[in-house]
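K.L.:
my_file.cif is the file, holding mmCIF, C-alpha atoms:
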```cif
data_target
#
loop_
_atom_site.label_atom_id
_atom_site.label_comp_id
_atom_site.auth_asym_id
_atom_site.auth_seq_id
_atom_site.Cartn_x
_atom_site.Cartn_y
_atom_site.Cartn_z
CA MET G 370 8.89 -36.10 10.91
CA LYS G 371 8.52 -38.64 13.68
CA LEU G 372 5.78 -37.89 16.20
CA ALA G 373 6.60 -37.79 19.89
CA PRO G 374 4.73 -40.23 22.14
CA ALA G 375 1.28 -39.02 23.15
CA GLU G 376 2.25 -38.68 26.79
CA GLU G 377 4.98 -36.25 25.83
CA ARG G 378 2.56 -34.16 23.80
CA GLY G 379 -0.12 -33.45 26.37
CA HIS G 380 0.87 -29.86 27.05
CA GLU G 381 1.21 -29.03 23.35
CA THR G 382 -2.18 -30.38 22.33
CA GLN G 383 -3.97 -28.84 25.31
CA SER G 384 -2.41 -25.47 24.48
CA LEU G 385 -4.03 -25.86 21.05
CA GLY G 386 -7.43 -26.67 22.51
CA LEU G 387 -7.13 -30.31 21.43
CA PRO G 388 -7.36 -33.57 23.38
CA VAL G 389 -4.17 -35.26 24.55
CA GLY G 390 -2.83 -37.68 21.93
CA VAL G 391 -3.75 -35.75 18.79
CA GLY G 392 -0.77 -35.88 16.45
CA ALA G 393 -2.11 -34.32 13.27
CA CYS G 394 -4.56 -31.65 12.11
CA LEU G 395 -6.58 -31.94 8.91
CA PHE G 396 -7.92 -28.60 7.66
CA ASP G 397 -10.62 -27.92 5.11
CA LEU G 398 -9.69 -25.00 2.86
CA ASP G 399 -12.65 -22.82 1.82
CA GLY G 400 -14.27 -21.23 4.87
CA VAL G 401 -11.73 -22.64 7.34
CA LEU G 402 -8.37 -21.37 6.11
CA THR G 403 -9.39 -18.92 3.40
CA GLU G 404 -12.29 -16.56 2.77
CA THR G 405 -13.05 -18.22 -0.55
CA ALA G 406 -16.38 -19.75 0.53
CA LYS G 407 -18.11 -16.47 -0.37
CA LEU G 408 -16.55 -16.63 -3.85
CA HIS G 409 -17.77 -20.19 -4.30
CA ALA G 410 -21.26 -19.24 -3.14
CA ALA G 411 -21.36 -16.31 -5.58
CA ALA G 412 -20.19 -18.52 -8.46
CA TRP G 413 -22.78 -21.19 -7.65
CA LYS G 414 -25.54 -18.57 -7.50
CA GLN G 415 -24.60 -17.07 -10.83
CA THR G 416 -24.40 -20.53 -12.40
CA PHE G 417 -27.67 -21.88 -11.08
CA ASP G 418 -29.72 -18.70 -11.44
CA ALA G 419 -28.72 -18.35 -15.08
CA PHE G 420 -29.61 -21.99 -15.73
CA LEU G 421 -32.94 -21.77 -13.89
CA GLY G 422 -33.86 -18.51 -15.63
CA ALA G 423 -33.17 -19.95 -19.08
CA ARG G 424 -35.12 -23.08 -18.18
CA THR G 425 -38.12 -20.98 -17.11
CA VAL G 426 -38.11 -19.10 -20.42
CA ARG G 427 -37.84 -22.32 -22.38
CA THR G 428 -40.32 -24.52 -20.47
CA GLY G 429 -42.46 -22.15 -18.39
CA LYS G 430 -41.50 -24.10 -15.27
CA ARG G 431 -40.35 -21.82 -12.48
CA SER G 432 -37.93 -22.85 -9.74
CA ALA G 433 -36.82 -20.87 -6.71
CA PRO G 434 -33.44 -19.20 -7.31
CA PHE G 435 -30.33 -20.44 -5.59
CA ASP G 436 -30.00 -19.14 -2.02
CA ASP G 437 -26.32 -18.42 -1.46
CA ILE G 438 -26.63 -19.20 2.23
CA ALA G 439 -29.25 -21.91 2.79
CA ASP G 440 -28.83 -23.78 -0.50
CA TYR G 441 -25.06 -23.37 -0.45
CA ASP G 442 -24.79 -24.89 3.04
CA GLU G 443 -27.27 -27.69 2.38
CA TYR G 444 -26.44 -28.85 -1.13
CA VAL G 445 -22.99 -27.81 -2.35
CA ASP G 446 -20.67 -26.70 0.45
CA GLY G 447 -17.81 -29.13 0.98
CA LYS G 448 -18.90 -31.53 -1.76
CA PRO G 449 -17.13 -32.33 -5.03
CA ARG G 450 -18.29 -29.97 -7.74
CA TYR G 451 -20.45 -32.34 -9.78
CA ASP G 452 -21.98 -33.82 -6.62
CA GLY G 453 -23.01 -30.30 -5.66
CA VAL G 454 -24.71 -29.75 -9.02
CA ARG G 455 -26.50 -33.07 -8.77
CA SER G 456 -27.62 -32.43 -5.18
CA PHE G 457 -29.03 -28.95 -5.83
CA LEU G 458 -30.87 -29.92 -9.00
CA ALA G 459 -32.40 -32.94 -7.27
CA ALA G 460 -33.71 -30.60 -4.56
CA ARG G 461 -35.46 -28.59 -7.29
CA GLY G 462 -36.79 -31.74 -8.96
CA ILE G 463 -34.64 -31.25 -12.05
CA GLU G 464 -32.86 -34.04 -13.93
CA LEU G 465 -30.04 -33.47 -16.39
CA PRO G 466 -27.73 -35.82 -18.29
CA GLU G 467 -24.44 -36.46 -16.52
CA GLY G 468 -22.35 -35.43 -19.50
CA ARG G 469 -18.56 -35.68 -19.38
CA PRO G 470 -15.88 -33.72 -17.52
CA SER G 471 -14.80 -32.35 -20.89
CA ASP G 472 -18.22 -30.74 -21.50
CA PRO G 473 -18.06 -27.01 -22.29
CA PRO G 474 -19.43 -24.62 -19.63
CA SER G 475 -22.38 -23.91 -21.90
CA ALA G 476 -23.59 -27.53 -21.88
CA GLU G 477 -26.81 -28.24 -19.98
CA THR G 478 -25.39 -31.29 -18.25
CA ILE G 479 -24.21 -31.99 -14.72
CA SER G 480 -20.62 -31.65 -15.91
CA GLY G 481 -21.34 -28.56 -17.99
CA LEU G 482 -22.89 -26.67 -15.06
CA GLY G 483 -20.05 -27.76 -12.79
CA ASN G 484 -17.50 -26.53 -15.32
CA ARG G 485 -19.35 -23.23 -15.65
CA LYS G 486 -19.20 -22.74 -11.91
CA ASN G 487 -15.48 -23.51 -11.89
CA GLU G 488 -14.85 -21.02 -14.69
CA LEU G 489 -16.69 -18.34 -12.71
CA VAL G 490 -14.95 -19.01 -9.39
CA LEU G 491 -11.52 -18.93 -11.03
CA ALA G 492 -12.40 -15.54 -12.52
CA LEU G 493 -13.48 -14.28 -9.09
CA ILE G 494 -10.27 -15.54 -7.50
CA HIS G 495 -8.25 -13.81 -10.22
CA ASP G 496 -10.18 -10.55 -9.93
CA GLN G 497 -10.62 -10.36 -6.15
CA GLY G 498 -7.67 -12.35 -4.85
CA VAL G 499 -7.67 -14.70 -1.86
CA GLU G 500 -7.56 -13.69 1.77
CA ALA G 501 -6.67 -16.11 4.53
CA TYR G 502 -8.37 -15.90 7.92
CA GLU G 503 -5.81 -14.34 10.25
CA GLY G 504 -6.97 -16.40 13.22
CA SER G 505 -6.75 -19.62 11.25
CA ILE G 506 -3.23 -18.94 10.07
CA ARG G 507 -2.15 -18.02 13.57
CA TYR G 508 -3.57 -21.35 14.71
CA VAL G 509 -1.87 -23.36 11.95
CA ARG G 510 1.46 -21.75 12.82
CA ALA G 511 0.92 -22.70 16.47
CA VAL G 512 0.14 -26.27 15.38
CA ARG G 513 3.39 -26.35 13.41
CA ALA G 514 5.36 -24.92 16.33
CA ALA G 515 3.92 -27.66 18.57
CA GLY G 516 5.25 -30.31 16.18
CA LEU G 517 1.94 -31.66 14.90
CA ARG G 518 1.60 -32.70 11.25
CA ARG G 519 -0.75 -30.69 9.03
CA ALA G 520 -2.77 -31.40 5.89
CA VAL G 521 -5.24 -29.52 3.71
CA VAL G 522 -8.25 -31.62 2.72
CA SER G 523 -10.45 -29.94 0.13
CA SER G 524 -13.06 -30.90 -2.44
CA SER G 525 -11.73 -28.16 -4.73
CA ALA G 526 -9.68 -28.82 -7.85
CA ASN G 527 -8.19 -25.34 -7.36
CA THR G 528 -6.60 -26.00 -3.97
CA SER G 529 -3.01 -25.39 -5.09
CA GLU G 530 -3.94 -22.11 -6.76
CA VAL G 531 -5.83 -20.89 -3.69
CA LEU G 532 -3.04 -21.83 -1.27
CA ALA G 533 -0.49 -20.07 -3.45
CA ALA G 534 -2.67 -16.98 -3.87
CA ALA G 535 -3.07 -16.75 -0.10
CA ALA G 536 0.69 -17.36 0.38
CA ILE G 537 0.12 -20.22 2.83
CA ASP G 538 1.20 -23.21 0.72
CA ASP G 539 4.34 -23.69 2.83
CA LEU G 540 2.40 -24.41 6.04
CA PHE G 541 1.26 -27.94 5.24
CA ASP G 542 2.85 -31.37 4.99
CA ALA G 543 0.20 -32.90 2.72
CA GLN G 544 -2.63 -31.94 0.39
CA ILE G 545 -5.63 -34.05 -0.56
CA ASP G 546 -7.85 -32.30 -3.07
CA ALA G 547 -10.22 -33.07 -5.94
CA LEU G 548 -7.35 -33.98 -8.24
CA VAL G 549 -6.01 -36.52 -5.77
CA ALA G 550 -9.52 -37.82 -5.11
CA GLU G 551 -10.09 -38.40 -8.82
CA ARG G 552 -6.72 -40.09 -9.28
CA GLU G 553 -7.15 -42.38 -6.27
CA HIS G 554 -10.90 -42.93 -6.72
CA LEU G 555 -11.80 -41.42 -3.35
CA LYS G 556 -15.41 -40.62 -2.57
CA GLY G 557 -16.14 -36.99 -1.74
CA LYS G 558 -17.46 -35.59 1.52
CA PRO G 559 -19.65 -36.52 3.42
CA ALA G 560 -17.78 -39.81 2.86
CA PRO G 561 -14.60 -39.83 4.99
CA ASP G 562 -12.29 -41.04 2.22
CA THR G 563 -10.32 -37.84 1.64
CA PHE G 564 -9.71 -37.26 5.35
CA LEU G 565 -8.65 -40.89 5.77
CA ALA G 566 -6.23 -40.47 2.86
CA ALA G 567 -4.74 -37.40 4.53
CA ALA G 568 -4.25 -39.28 7.80
CA ARG G 569 -2.47 -42.07 5.92
CA GLU G 570 -0.29 -39.53 4.13
CA LEU G 571 0.71 -38.03 7.49
CA GLY G 572 1.28 -41.43 9.08
CA VAL G 573 -1.30 -41.19 11.86
CA SER G 574 -4.43 -43.14 12.70
CA PRO G 575 -7.80 -41.36 12.45
CA ALA G 576 -8.13 -41.60 16.24
CA ARG G 577 -5.02 -39.40 16.57
CA ALA G 578 -6.11 -36.76 14.06
CA ALA G 579 -8.32 -33.71 14.42
CA VAL G 580 -10.58 -32.48 11.60
CA PHE G 581 -11.40 -28.77 11.09
CA GLU G 582 -14.45 -28.09 8.90
CA ASP G 583 -17.02 -25.38 8.23
CA ALA G 584 -19.22 -27.47 5.93
CA LEU G 585 -21.94 -29.78 7.20
CA ALA G 586 -20.78 -32.45 4.75
CA GLY G 587 -17.20 -32.08 5.98
CA VAL G 588 -18.13 -32.39 9.64
CA ALA G 589 -20.18 -35.47 8.79
CA ALA G 590 -17.14 -36.91 7.01
CA GLY G 591 -14.99 -36.35 10.08
CA ARG G 592 -17.50 -38.16 12.25
CA ALA G 593 -17.93 -41.01 9.75
CA GLY G 594 -14.17 -41.53 9.70
CA ARG G 595 -14.06 -41.87 13.51
CA PHE G 596 -11.51 -39.12 13.86
CA GLY G 597 -10.32 -38.28 17.34
CA PHE G 598 -11.70 -34.75 17.38
CA VAL G 599 -13.92 -32.81 14.97
CA VAL G 600 -13.97 -29.01 15.16
CA GLY G 601 -16.79 -27.18 13.42
CA VAL G 602 -16.02 -23.64 12.26
CA ASP G 603 -19.18 -21.57 12.22
CA ARG G 604 -18.87 -18.64 9.83
CA VAL G 605 -22.57 -18.30 8.95
CA GLY G 606 -24.58 -19.03 12.10
CA GLN G 607 -25.04 -22.78 11.78
CA ALA G 608 -23.43 -23.91 15.04
CA GLU G 609 -26.29 -26.19 16.02
CA GLU G 610 -26.33 -27.89 12.61
CA LEU G 611 -22.58 -28.44 12.82
CA ARG G 612 -23.05 -30.14 16.18
CA LYS G 613 -25.88 -32.28 14.83
CA HIS G 614 -23.66 -33.42 11.98
CA GLY G 615 -20.93 -34.53 14.36
CA ALA G 616 -18.76 -31.64 15.57
CA ASP G 617 -17.27 -32.20 19.04
CA LEU G 618 -16.68 -28.48 19.38
CA VAL G 619 -17.85 -25.42 17.42
CA VAL G 620 -15.91 -22.15 17.22
CA SER G 621 -16.37 -19.06 15.09
CA ASP G 622 -12.61 -18.69 14.55
CA LEU G 623 -9.74 -21.12 15.10
CA ALA G 624 -7.94 -18.57 17.25
CA GLU G 625 -10.58 -19.30 19.90
CA LEU G 626 -8.89 -22.65 20.43
CA LEU G 627 -5.69 -20.87 21.47
CA ASP G 628 -7.67 -18.63 23.80
CA ARG G 629 -9.14 -21.72 25.50
CA ALA G 630 -5.71 -22.86 26.68
#
```
So, in terms of structure tokens, how does the structure I just supplied come out?

P.N.:
Amino acid sequence: MKLAPAEERGHETQSLGLPVGVGACLFDLDGVLTETAKLHAAAWKQTFDAFLGARTVRTGKRSAPFDDIADYDEYVDGKPRYDGVRSFLAARGIELPEGRPSDPPSAETISGLGNRKNELVLALIHDQGVEAYEGSIRYVRAVRAAGLRRAVVSSSANTSEVLAAAAIDDLFDAQIDALVAEREHLKGKPAPDTFLAAARELGVSPARAAVFEDALAGVAAGRAGRFGFVVGVDRVGQAEELRKHGADLVVSDLAELLDRA
């Protein structure tokens, strides 16, 4: 789809709460489009608490359990799975072998813990289903009606499954996820690589794309990529931190952007 000149798009972008000239919207998945962030947080907590508990029994060394709000936001949210494992363990002063992606979920390696978390979150998605945020979907449909291109940019390897489960996989023109990142050797958030890849896929420059993120790492990635507009979505009361990491605007729901028009 060919984009109209920026001067012809002023009304459309302003009605979406975006600056004039924005031609594409790049959406994070978990916590922005779908209510899966809570499932991820629960899976991380179960994974890390079991590991830390077993380690305490074995070594006598105690570590604070995983906080599914503070630790989730600081160390794992928005990051590739193994990066999240590495980041959290480093914060607890714990070193583990890297292992291999093929490691079983029982392995006490970075890869093994990451695979255990993925096994748990897939079970939660299967058991509980996936709900999309109504305000977000209303906003994405408005973006589509205005003629702007749309991409999902997620650190999850389960992006396709989540989009299908939420019945929103037909709303986007492109998808950059963990599988694409691995194939194309893209660095994960907070590096801007995956967002930059999405902009290329949609045929727009970063300056003409808006990023929508709930994770601190994702907002930082949007700022690092010099995107035209970065919207922070505050679901857990971290508006100030989102601003500090580079959000131009913070909302609690994307529908607020329509209400601003």

K.L.:
Can you measure atom CA of G:Arg552 to atom CA of G:Lys448 for me? One decimal in Å is fine.

P.N.:
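Calculated distance between atom CA of G:Arg552 and atom CA of G:Lys448 is 16.7 Å.
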
K.L.:
Of the candidates G:Phe541, G:Arg485, G:Asp452, G:Glu467, which one gets nearest to G:Ala419 if we count all atoms listed in the file?

P.N.:
G:Arg485

K.L.:
Which residues are near G:Arg513? Cut-off 12 Å, all atoms listed in the file, ignore same chain within fewer than 2 positions. Put them as number ranges by chain.

P.N.:
G: 370, 381-382, 385, 392-394, 506-511, 515-520, 539-542

K.L.:
Using only C-alpha atoms, pick whichever of G:Ala536, G:Ala543, G:Leu408, G:Leu618 has the shortest atom-to-atom distance to G:Asp603.

P.N.:
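Looking at the shortest contact to G:Asp603, the residue is G:Leu618.
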
K.L.:
Any chance you could work out the residue set of the PyMOL selection byres ((chain G and resi 498) around 10) here, as an MDAnalysis selection string?

P.N.:
chainID G and resid 404:405 408 491:497 499:500 531 534:535

K.L.:
Of the candidates G:Val512, G:Arg592, G:Arg461, G:Gln607, which one gets nearest to G:Gly386 if we count only C-alpha atoms?

P.N.:
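Result for the nearest residue to G:Gly386: G:Val512.
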
K.L.:
If I take atom CA of G:Thr403 and atom CA of G:Gly504, how far is one from the other in Å, to one decimal?

P.N.:
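The value is 10.4 Å.
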
K.L.:
Which residue is closest to G:Phe457? Choose from G:Arg569, G:Lys414, G:Thr428, G:Val490 and count all atoms listed in the file.

P.N.:
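For G:Phe457, the nearest of the candidates is G:Lys414.
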
K.L.:
Identify all residues satisfying the PyMOL selection byres ((chain G and resi 564) around 10) in the given file; provide them as a PyMOL selection string.

P.N.:
chain G and resi 395-397+520-523+545-546+555+557-558+560-563+565-570+575+578-580+587+590-591+594+596

K.L.:
Taking C-alpha atoms for each residue, export the selection above as a compact mmCIF listing (two decimals), in the coordinates of the input.

P.N.:
```
# COMPACT_ATOMS: atom_id res chain seq x y z
CA LEU G 395 -6.58 -31.94 8.91
CA PHE G 396 -7.92 -28.60 7.66
CA ASP G 397 -10.62 -27.92 5.11
CA ALA G 520 -2.77 -31.40 5.89
CA VAL G 521 -5.24 -29.52 3.71
CA VAL G 522 -8.25 -31.62 2.72
CA SER G 523 -10.45 -29.94 0.13
CA ILE G 545 -5.63 -34.05 -0.56
CA ASP G 546 -7.85 -32.30 -3.07
CA LEU G 555 -11.80 -41.42 -3.35
CA GLY G 557 -16.14 -36.99 -1.74
CA LYS G 558 -17.46 -35.59 1.52
CA ALA G 560 -17.78 -39.81 2.86
CA PRO G 561 -14.60 -39.83 4.99
CA ASP G 562 -12.29 -41.04 2.22
CA THR G 563 -10.32 -37.84 1.64
CA LEU G 565 -8.65 -40.89 5.77
CA ALA G 566 -6.23 -40.47 2.86
CA ALA G 567 -4.74 -37.40 4.53
CA ALA G 568 -4.25 -39.28 7.80
CA ARG G 569 -2.47 -42.07 5.92
CA GLU G 570 -0.29 -39.53 4.13
CA PRO G 575 -7.80 -41.36 12.45
CA ALA G 578 -6.11 -36.76 14.06
CA ALA G 579 -8.32 -33.71 14.42
CA VAL G 580 -10.58 -32.48 11.60
CA GLY G 587 -17.20 -32.08 5.98
CA ALA G 590 -17.14 -36.91 7.01
CA GLY G 591 -14.99 -36.35 10.08
CA GLY G 594 -14.17 -41.53 9.70
CA PHE G 596 -11.51 -39.12 13.86
```

K.L.:
In Å, rounded to a single decimal, give me how far atom CA of G:Ala533 is from atom CA of G:Tyr444.

P.N.:
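Pair atom CA of G:Tyr444 / atom CA of G:Ala533 returns 27.5 Å.
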
K.L.:
Using all atoms listed in the file for the distances, tell me which of G:Gly606, G:Pro559, G:Pro388, G:Gly462 is nearest to G:Leu421.

P.N.:
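Of G:Gly606, G:Pro559, G:Pro388, G:Gly462, the one nearest G:Leu421 is G:Gly462, counting all atoms listed in the file.
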
K.L.:
Pick out the closest residue to G:Ser475 from this set: G:Arg455, G:Leu571, G:Glu488, G:Asp446. Count all atoms listed in the file.

P.N.:
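For G:Ser475, the nearest of the candidates is G:Glu488.
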
K.L.:
Counting all atoms listed in the file, which residues sit no farther than 9 Å from the position (-17.9, -24.0, 5.0) in the file's frame? I'd like them as an NGL selection string.

P.N.:
:G and (397-401 or 406 or 442 or 446-447 or 582-587 or 602-605)

K.L.:
Starting from the incomplete input, reconstruct N, CA and C atoms of stretch 445-469 of chain G and write that as a PDB file, in the frame of the given file.

P.N.:
```pdb
ATOM      1  N   VAL G 445     -24.253 -27.831  -1.613  1.00  0.00           N
ATOM      2  CA  VAL G 445     -22.990 -27.810  -2.350  1.00  0.00           C
ATOM      3  C   VAL G 445     -21.742 -27.642  -1.491  1.00  0.00           C
ATOM      4  N   ASP G 446     -21.850 -27.014  -0.357  1.00  0.00           N
ATOM      5  CA  ASP G 446     -20.670 -26.700   0.450  1.00  0.00           C
ATOM      6  C   ASP G 446     -19.932 -27.965   0.860  1.00  0.00           C
ATOM      7  N   GLY G 447     -18.653 -28.016   0.561  1.00  0.00           N
ATOM      8  CA  GLY G 447     -17.810 -29.130   0.980  1.00  0.00           C
ATOM      9  C   GLY G 447     -17.841 -30.339   0.073  1.00  0.00           C
ATOM     10  N   LYS G 448     -18.766 -30.362  -0.893  1.00  0.00           N
ATOM     11  CA  LYS G 448     -18.900 -31.530  -1.760  1.00  0.00           C
ATOM     12  C   LYS G 448     -18.094 -31.352  -3.055  1.00  0.00           C
ATOM     13  N   PRO G 449     -17.719 -32.454  -3.688  1.00  0.00           N
ATOM     14  CA  PRO G 449     -17.130 -32.330  -5.030  1.00  0.00           C
ATOM     15  C   PRO G 449     -18.082 -31.588  -5.957  1.00  0.00           C
ATOM     16  N   ARG G 450     -17.530 -30.892  -6.913  1.00  0.00           N
ATOM     17  CA  ARG G 450     -18.290 -29.970  -7.740  1.00  0.00           C
ATOM     18  C   ARG G 450     -19.516 -30.606  -8.403  1.00  0.00           C
ATOM     19  N   TYR G 451     -19.319 -31.724  -9.076  1.00  0.00           N
ATOM     20  CA  TYR G 451     -20.450 -32.340  -9.780  1.00  0.00           C
ATOM     21  C   TYR G 451     -21.479 -32.912  -8.811  1.00  0.00           C
ATOM     22  N   ASP G 452     -21.029 -33.362  -7.652  1.00  0.00           N
ATOM     23  CA  ASP G 452     -21.980 -33.820  -6.620  1.00  0.00           C
ATOM     24  C   ASP G 452     -22.851 -32.662  -6.164  1.00  0.00           C
ATOM     25  N   GLY G 453     -22.247 -31.477  -6.062  1.00  0.00           N
ATOM     26  CA  GLY G 453     -23.010 -30.300  -5.660  1.00  0.00           C
ATOM     27  C   GLY G 453     -24.082 -29.947  -6.685  1.00  0.00           C
ATOM     28  N   VAL G 454     -23.728 -30.014  -7.962  1.00  0.00           N
ATOM     29  CA  VAL G 454     -24.710 -29.750  -9.020  1.00  0.00           C
ATOM     30  C   VAL G 454     -25.857 -30.747  -8.917  1.00  0.00           C
ATOM     31  N   ARG G 455     -25.501 -32.007  -8.818  1.00  0.00           N
ATOM     32  CA  ARG G 455     -26.500 -33.070  -8.770  1.00  0.00           C
ATOM     33  C   ARG G 455     -27.422 -32.905  -7.572  1.00  0.00           C
ATOM     34  N   SER G 456     -26.847 -32.561  -6.415  1.00  0.00           N
ATOM     35  CA  SER G 456     -27.620 -32.430  -5.180  1.00  0.00           C
ATOM     36  C   SER G 456     -28.605 -31.272  -5.259  1.00  0.00           C
ATOM     37  N   PHE G 457     -28.139 -30.105  -5.756  1.00  0.00           N
ATOM     38  CA  PHE G 457     -29.030 -28.950  -5.830  1.00  0.00           C
ATOM     39  C   PHE G 457     -30.156 -29.177  -6.828  1.00  0.00           C
ATOM     40  N   LEU G 458     -29.839 -29.694  -7.992  1.00  0.00           N
ATOM     41  CA  LEU G 458     -30.870 -29.920  -9.000  1.00  0.00           C
ATOM     42  C   LEU G 458     -31.909 -30.925  -8.520  1.00  0.00           C
ATOM     43  N   ALA G 459     -31.459 -31.960  -7.813  1.00  0.00           N
ATOM     44  CA  ALA G 459     -32.400 -32.940  -7.270  1.00  0.00           C
ATOM     45  C   ALA G 459     -33.359 -32.272  -6.299  1.00  0.00           C
ATOM     46  N   ALA G 460     -32.851 -31.313  -5.510  1.00  0.00           N
ATOM     47  CA  ALA G 460     -33.710 -30.600  -4.560  1.00  0.00           C
ATOM     48  C   ALA G 460     -34.767 -29.758  -5.266  1.00  0.00           C
ATOM     49  N   ARG G 461     -34.499 -29.359  -6.505  1.00  0.00           N
ATOM     50  CA  ARG G 461     -35.460 -28.590  -7.290  1.00  0.00           C
ATOM     51  C   ARG G 461     -36.260 -29.494  -8.232  1.00  0.00           C
ATOM     52  N   GLY G 462     -36.059 -30.804  -8.125  1.00  0.00           N
ATOM     53  CA  GLY G 462     -36.790 -31.740  -8.960  1.00  0.00           C
ATOM     54  C   GLY G 462     -36.392 -31.706 -10.420  1.00  0.00           C
ATOM     55  N   ILE G 463     -35.134 -31.384 -10.679  1.00  0.00           N
ATOM     56  CA  ILE G 463     -34.640 -31.250 -12.050  1.00  0.00           C
ATOM     57  C   ILE G 463     -33.637 -32.361 -12.350  1.00  0.00           C
ATOM     58  N   GLU G 464     -33.796 -33.011 -13.480  1.00  0.00           N
ATOM     59  CA  GLU G 464     -32.860 -34.040 -13.930  1.00  0.00           C
ATOM     60  C   GLU G 464     -32.145 -33.565 -15.184  1.00  0.00           C
ATOM     61  N   LEU G 465     -30.844 -33.795 -15.221  1.00  0.00           N
ATOM     62  CA  LEU G 465     -30.040 -33.470 -16.390  1.00  0.00           C
ATOM     63  C   LEU G 465     -29.138 -34.665 -16.717  1.00  0.00           C
ATOM     64  N   PRO G 466     -28.722 -34.792 -17.960  1.00  0.00           N
ATOM     65  CA  PRO G 466     -27.730 -35.820 -18.290  1.00  0.00           C
ATOM     66  C   PRO G 466     -26.434 -35.558 -17.529  1.00  0.00           C
ATOM     67  N   GLU G 467     -25.708 -36.619 -17.232  1.00  0.00           N
ATOM     68  CA  GLU G 467     -24.440 -36.460 -16.520  1.00  0.00           C
ATOM     69  C   GLU G 467     -23.428 -35.702 -17.369  1.00  0.00           C
ATOM     70  N   GLY G 468     -23.369 -36.027 -18.661  1.00  0.00           N
ATOM     71  CA  GLY G 468     -22.350 -35.430 -19.500  1.00  0.00           C
ATOM     72  C   GLY G 468     -20.982 -35.987 -19.172  1.00  0.00           C
ATOM     73  N   ARG G 469     -19.949 -35.273 -19.620  1.00  0.00           N
ATOM     74  CA  ARG G 469     -18.560 -35.680 -19.380  1.00  0.00           C
ATOM     75  C   ARG G 469     -17.767 -34.518 -18.811  1.00  0.00           C
TER      76      ARG G 469
END
```
